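**Q** Here it is: the structure, laid out below.
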Amino acid sequence: MAKDKMKEYDLVAFCNTLVDYVTNIDENDVSQYGLRKGDFREIDKRTKSKIESKFNIEKFVGGSGANVAYGVSNLGLNALYIATVGDDENSDFYIRNSKKENLDLYCIEKNGDTGVAVTLITPDKERSFGVFYGVMKKLKEKDLPNNIIGNAKNFFITLYAIDLNPKIAIKAMDLAKGRVCLDLSS
C-alpha cells in the first residue's frame with residue numbers, strides 16, 4: 001500500500017473502488033435482485049448480502065480506475081490507484097490482491113462496507129450488473145491526497161466517479177491541473 005507522497009507517478013487513477021463479484025444465475029432469478037437481464041443498476045446492502053449468501057461467488061479486484069492503473073503499471077510505468085475501502089473482509093481482499101498484482105494503492109479508509117459490483121451471468125452469457133457503492137458515498141473532499149494528484153503526470157477519472165461524487169471529482173480534476181484522462185464509461 002503506497003502512501004509515499006514524494007514518489008512521482010505517470011498515472012494516478014480514481015474511480016469507484018469495487019470488489020467484482022461474478023456468478024452464474026438462472027435467467028428467471030435475475031429479477032429477484034431488483035435487476036433486469038442485461039441491465040446495470042445500483043443495489044442496496046440487503047440485496048448484496050442476499051447474493052453473497054446464495055451464490056458461489058468469484059471475487060476480483062475491480063473498478064475501472066484500478067483496471068487502468070493495473071494495465072499502465074504492467075506497461076512499466078508508475079501508476080497508483082486511489083482506493084476508498086471499508087473496514088470489512090472485502091477491504092482486506094482488495095488490499096491483499098492488489099499487492100499480489102503489484103498495484104500501488106493509496107487507501108482512504110472509512111467505516112462500513114467496501115463497494116461491490118455484482119455480475120450475474122445467465123446461461124446465454126448475458127450479464128446483469130448490480131452495484132453497491134458502500135463507503136464510496138462517504139468520501140469527502142478532505143480525504144483526497146492533494147499532493148499525489150497534483151504531482152501526477154496524468155490523472156485518470158471515470159464518469160462513474162463524477163456521477164457518484166461530482167463535487168469530489170471536480171476537486172480532484174482541479175488538483176490535476178488539466179492533466180486529466182476522462183473515461184466516459186459505458
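Each chain in the C-alpha cells gets a letter, A, B, ..., in the order shown, and its residues are numbered from 1; ligands are numbered from 1 in order too.
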Which residues come within 12 Å of A:Glu42, counting only C-alpha atoms, excluding same-chain residues fewer than 5 positions away, as a list in words?
**A** Tyr33, Gly34, Leu35, Arg36, Thr47, Lys48, Gly115, Val116, Ala117, Val118, Ser128, Phe129, Gly130, Val131, Phe132, Tyr133, Gly134, Tyr160 and Leu164 of chain A
**Q** Can you list, as a short mmCIF file (atom, residue, chain, number, x, y, z; two decimals) with N, CA and C atoms, in the first residue's frame, every protein, DNA or RNA residue that comes within 6 Å of A:Glu109 when you count only C-alpha atoms, leaving out same-chain residues fewer than 4 positions away?
**A**
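As written to disk, around_21.cif reads:
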```cif
data_model
loop_
_atom_site.label_atom_id
_atom_site.label_comp_id
_atom_site.auth_asym_id
_atom_site.auth_seq_id
_atom_site.Cartn_x
_atom_site.Cartn_y
_atom_site.Cartn_z
N THR A 84 -10.93 3.75 -2.08
CA THR A 84 -11.73 4.03 -0.88
C THR A 84 -12.29 2.70 -0.40
N VAL A 85 -11.81 2.25 0.75
CA VAL A 85 -12.18 0.93 1.26
C VAL A 85 -12.84 1.05 2.63
N GLY A 86 -13.60 0.03 2.97
CA GLY A 86 -14.26 -0.02 4.26
C GLY A 86 -13.41 -0.74 5.29
#
```
**Q** Identify which of the residues A:Glu126, A:Tyr94, A:Leu80, A:Asn111 lies closest to A:Val68, counting only C-alpha atoms when measuring atom-to-atom distances.
**A**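 Of A:Glu126, A:Tyr94, A:Leu80, A:Asn111, the one nearest A:Val68, counting only C-alpha atoms, is A:Leu80.
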**Q** Write out as number ranges by chain all residues of chain A that backbone DSSP assigns to strand (DSSP E).
**A** A: 11-14, 18-24, 40-42, 58-62, 79-85, 104-109, 115-121, 127-132, 155-158, 180-183
**Q** Using atom CA of A:Asp44 and atom CA of A:Asn56 as the two end points, give the distance in Å to one decimal.
**A** 19.5 Å
**Q** Write out as a PyMOL selection string all residues of stretch 9-170 of chain A that DSSP puts in alpha helix (DSSP H) for this structure's backbone.
**A** chain A and resi 45-54+64-74+89-100+146-151+159-164+166-170
**Q** Take the residues just selected and output them with N, CA and C atoms as a short mmCIF file (atom, residue, chain, number, x, y, z; two decimals), in the first residue's frame.
**A**
```cif
data_model
loop_
_atom_site.label_atom_id
_atom_site.label_comp_id
_atom_site.auth_asym_id
_atom_site.auth_seq_id
_atom_site.Cartn_x
_atom_site.Cartn_y
_atom_site.Cartn_z
N LYS A 45 -27.51 -2.67 0.38
CA LYS A 45 -26.72 -3.62 1.18
C LYS A 45 -27.47 -4.93 1.39
N ARG A 46 -28.75 -4.86 1.59
CA ARG A 46 -29.55 -6.07 1.81
C ARG A 46 -29.50 -7.00 0.59
N THR A 47 -29.62 -6.41 -0.60
CA THR A 47 -29.56 -7.20 -1.84
C THR A 47 -28.18 -7.80 -2.02
N LYS A 48 -27.14 -7.01 -1.75
CA LYS A 48 -25.77 -7.50 -1.83
C LYS A 48 -25.60 -8.70 -0.89
N SER A 49 -26.10 -8.59 0.32
CA SER A 49 -25.98 -9.67 1.32
C SER A 49 -26.73 -10.93 0.87
N LYS A 50 -27.90 -10.75 0.26
CA LYS A 50 -28.66 -11.90 -0.25
C LYS A 50 -27.86 -12.64 -1.32
N ILE A 51 -27.24 -11.89 -2.21
CA ILE A 51 -26.44 -12.50 -3.28
C ILE A 51 -25.23 -13.22 -2.69
N GLU A 52 -24.57 -12.59 -1.71
CA GLU A 52 -23.40 -13.21 -1.07
C GLU A 52 -23.76 -14.54 -0.42
N SER A 53 -24.94 -14.60 0.20
CA SER A 53 -25.31 -15.82 0.92
C SER A 53 -25.85 -16.93 0.01
N LYS A 54 -26.33 -16.56 -1.17
CA LYS A 54 -26.98 -17.56 -2.02
C LYS A 54 -26.06 -18.19 -3.06
N SER A 64 -13.07 0.54 -12.68
CA SER A 64 -12.41 0.96 -13.92
C SER A 64 -11.05 1.59 -13.67
N GLY A 65 -10.97 2.45 -12.67
CA GLY A 65 -9.71 3.12 -12.36
C GLY A 65 -8.61 2.15 -11.96
N ALA A 66 -8.96 1.17 -11.14
CA ALA A 66 -7.98 0.16 -10.73
C ALA A 66 -7.53 -0.65 -11.94
N ASN A 67 -8.46 -0.99 -12.83
CA ASN A 67 -8.11 -1.75 -14.03
C ASN A 67 -7.13 -0.97 -14.91
N VAL A 68 -7.36 0.32 -15.06
CA VAL A 68 -6.48 1.16 -15.88
C VAL A 68 -5.10 1.28 -15.22
N ALA A 69 -5.07 1.54 -13.91
CA ALA A 69 -3.79 1.66 -13.20
C ALA A 69 -3.01 0.36 -13.30
N TYR A 70 -3.68 -0.76 -13.17
CA TYR A 70 -3.03 -2.06 -13.29
C TYR A 70 -2.43 -2.23 -14.69
N GLY A 71 -3.20 -1.89 -15.71
CA GLY A 71 -2.71 -2.00 -17.08
C GLY A 71 -1.50 -1.12 -17.35
N VAL A 72 -1.56 0.11 -16.86
CA VAL A 72 -0.45 1.05 -17.04
C VAL A 72 0.79 0.56 -16.32
N SER A 73 0.62 0.02 -15.11
CA SER A 73 1.79 -0.48 -14.37
C SER A 73 2.40 -1.69 -15.08
N ASN A 74 1.58 -2.50 -15.74
CA ASN A 74 2.09 -3.64 -16.49
C ASN A 74 2.86 -3.21 -17.74
N GLU A 89 -14.24 -7.44 5.32
CA GLU A 89 -13.47 -8.51 4.68
C GLU A 89 -13.10 -8.14 3.24
N ASN A 90 -13.99 -7.46 2.53
CA ASN A 90 -13.69 -7.08 1.15
C ASN A 90 -12.55 -6.07 1.07
N SER A 91 -12.41 -5.24 2.07
CA SER A 91 -11.28 -4.31 2.12
C SER A 91 -9.98 -5.08 2.18
N ASP A 92 -9.93 -6.06 3.08
CA ASP A 92 -8.74 -6.90 3.20
C ASP A 92 -8.44 -7.61 1.88
N PHE A 93 -9.48 -8.14 1.26
CA PHE A 93 -9.34 -8.82 -0.03
C PHE A 93 -8.77 -7.86 -1.08
N TYR A 94 -9.33 -6.65 -1.14
CA TYR A 94 -8.92 -5.67 -2.15
C TYR A 94 -7.44 -5.31 -1.99
N ILE A 95 -7.04 -5.01 -0.77
CA ILE A 95 -5.65 -4.61 -0.50
C ILE A 95 -4.69 -5.76 -0.75
N ARG A 96 -5.03 -6.93 -0.23
CA ARG A 96 -4.16 -8.11 -0.37
C ARG A 96 -3.97 -8.48 -1.85
N ASN A 97 -5.03 -8.51 -2.61
CA ASN A 97 -4.94 -8.92 -4.01
C ASN A 97 -4.35 -7.83 -4.90
N SER A 98 -4.50 -6.58 -4.53
CA SER A 98 -3.82 -5.50 -5.27
C SER A 98 -2.32 -5.63 -5.11
N LYS A 99 -1.89 -5.95 -3.89
CA LYS A 99 -0.46 -6.16 -3.63
C LYS A 99 0.08 -7.31 -4.47
N LYS A 100 -0.68 -8.41 -4.53
CA LYS A 100 -0.26 -9.58 -5.33
C LYS A 100 -0.04 -9.19 -6.79
N ASN A 146 -4.04 15.41 -1.97
CA ASN A 146 -3.78 16.57 -2.83
C ASN A 146 -2.42 16.51 -3.52
N ASN A 147 -1.36 16.24 -2.75
CA ASN A 147 0.00 16.22 -3.32
C ASN A 147 0.17 15.13 -4.37
N ILE A 148 -0.39 13.97 -4.11
CA ILE A 148 -0.24 12.86 -5.05
C ILE A 148 -0.94 13.18 -6.37
N ILE A 149 -2.15 13.69 -6.29
CA ILE A 149 -2.89 14.04 -7.51
C ILE A 149 -2.19 15.20 -8.22
N GLY A 150 -1.81 16.21 -7.47
CA GLY A 150 -1.18 17.40 -8.05
C GLY A 150 0.16 17.14 -8.71
N ASN A 151 0.90 16.13 -8.22
CA ASN A 151 2.22 15.83 -8.77
C ASN A 151 2.21 14.74 -9.84
N LEU A 159 -16.43 8.68 -15.62
CA LEU A 159 -17.73 9.30 -15.47
C LEU A 159 -18.49 8.69 -14.29
N TYR A 160 -18.22 7.41 -14.00
CA TYR A 160 -18.85 6.77 -12.84
C TYR A 160 -18.51 7.53 -11.55
N ALA A 161 -17.25 7.91 -11.39
CA ALA A 161 -16.82 8.64 -10.19
C ALA A 161 -17.43 10.03 -10.16
N ILE A 162 -17.50 10.67 -11.31
CA ILE A 162 -18.09 12.01 -11.39
C ILE A 162 -19.57 11.95 -11.05
N ASP A 163 -20.24 10.93 -11.57
CA ASP A 163 -21.68 10.77 -11.33
C ASP A 163 -21.98 10.53 -9.85
N LEU A 164 -21.15 9.73 -9.18
CA LEU A 164 -21.41 9.39 -7.78
C LEU A 164 -21.05 10.54 -6.84
N PRO A 166 -19.84 14.21 -7.66
CA PRO A 166 -19.40 15.27 -8.57
C PRO A 166 -18.50 16.33 -7.92
N LYS A 167 -18.80 16.74 -6.72
CA LYS A 167 -18.00 17.76 -6.04
C LYS A 167 -16.57 17.29 -5.81
N ILE A 168 -16.42 16.06 -5.37
CA ILE A 168 -15.11 15.48 -5.11
C ILE A 168 -14.35 15.27 -6.42
N ALA A 169 -15.05 14.79 -7.43
CA ALA A 169 -14.41 14.56 -8.73
C ALA A 169 -13.90 15.87 -9.33
N ILE A 170 -14.67 16.92 -9.23
CA ILE A 170 -14.24 18.23 -9.76
C ILE A 170 -13.03 18.74 -9.01
#
```
**Q** I need the residue nearest A:Asn28 from this list: A:Asp10, A:Leu120, A:Val61, A:Ala79. Use only C-alpha atoms for the distance.
**A** A:Leu120
**Q** How far is it from atom CA of A:Asn16 to atom CA of A:Thr158, in Å with one decimal?
**A**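 One can read the atom CA of A:Asn16 to atom CA of A:Thr158 distance as 8.5 Å.
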**Q** With only C-alpha atoms as the basis for distance, which of A:Ile43, A:Leu103, A:Leu182, A:Cys15 is at the shortest distance from A:Gly76?
**A**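 Among the listed residues, A:Leu103 lies closest to A:Gly76.
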**Q** What's the separation between atom CA of A:Val22 and atom CA of A:Phe55, in Å to one decimal place?
**A**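 Separation between atom CA of A:Val22 and atom CA of A:Phe55: 9.4 Å.
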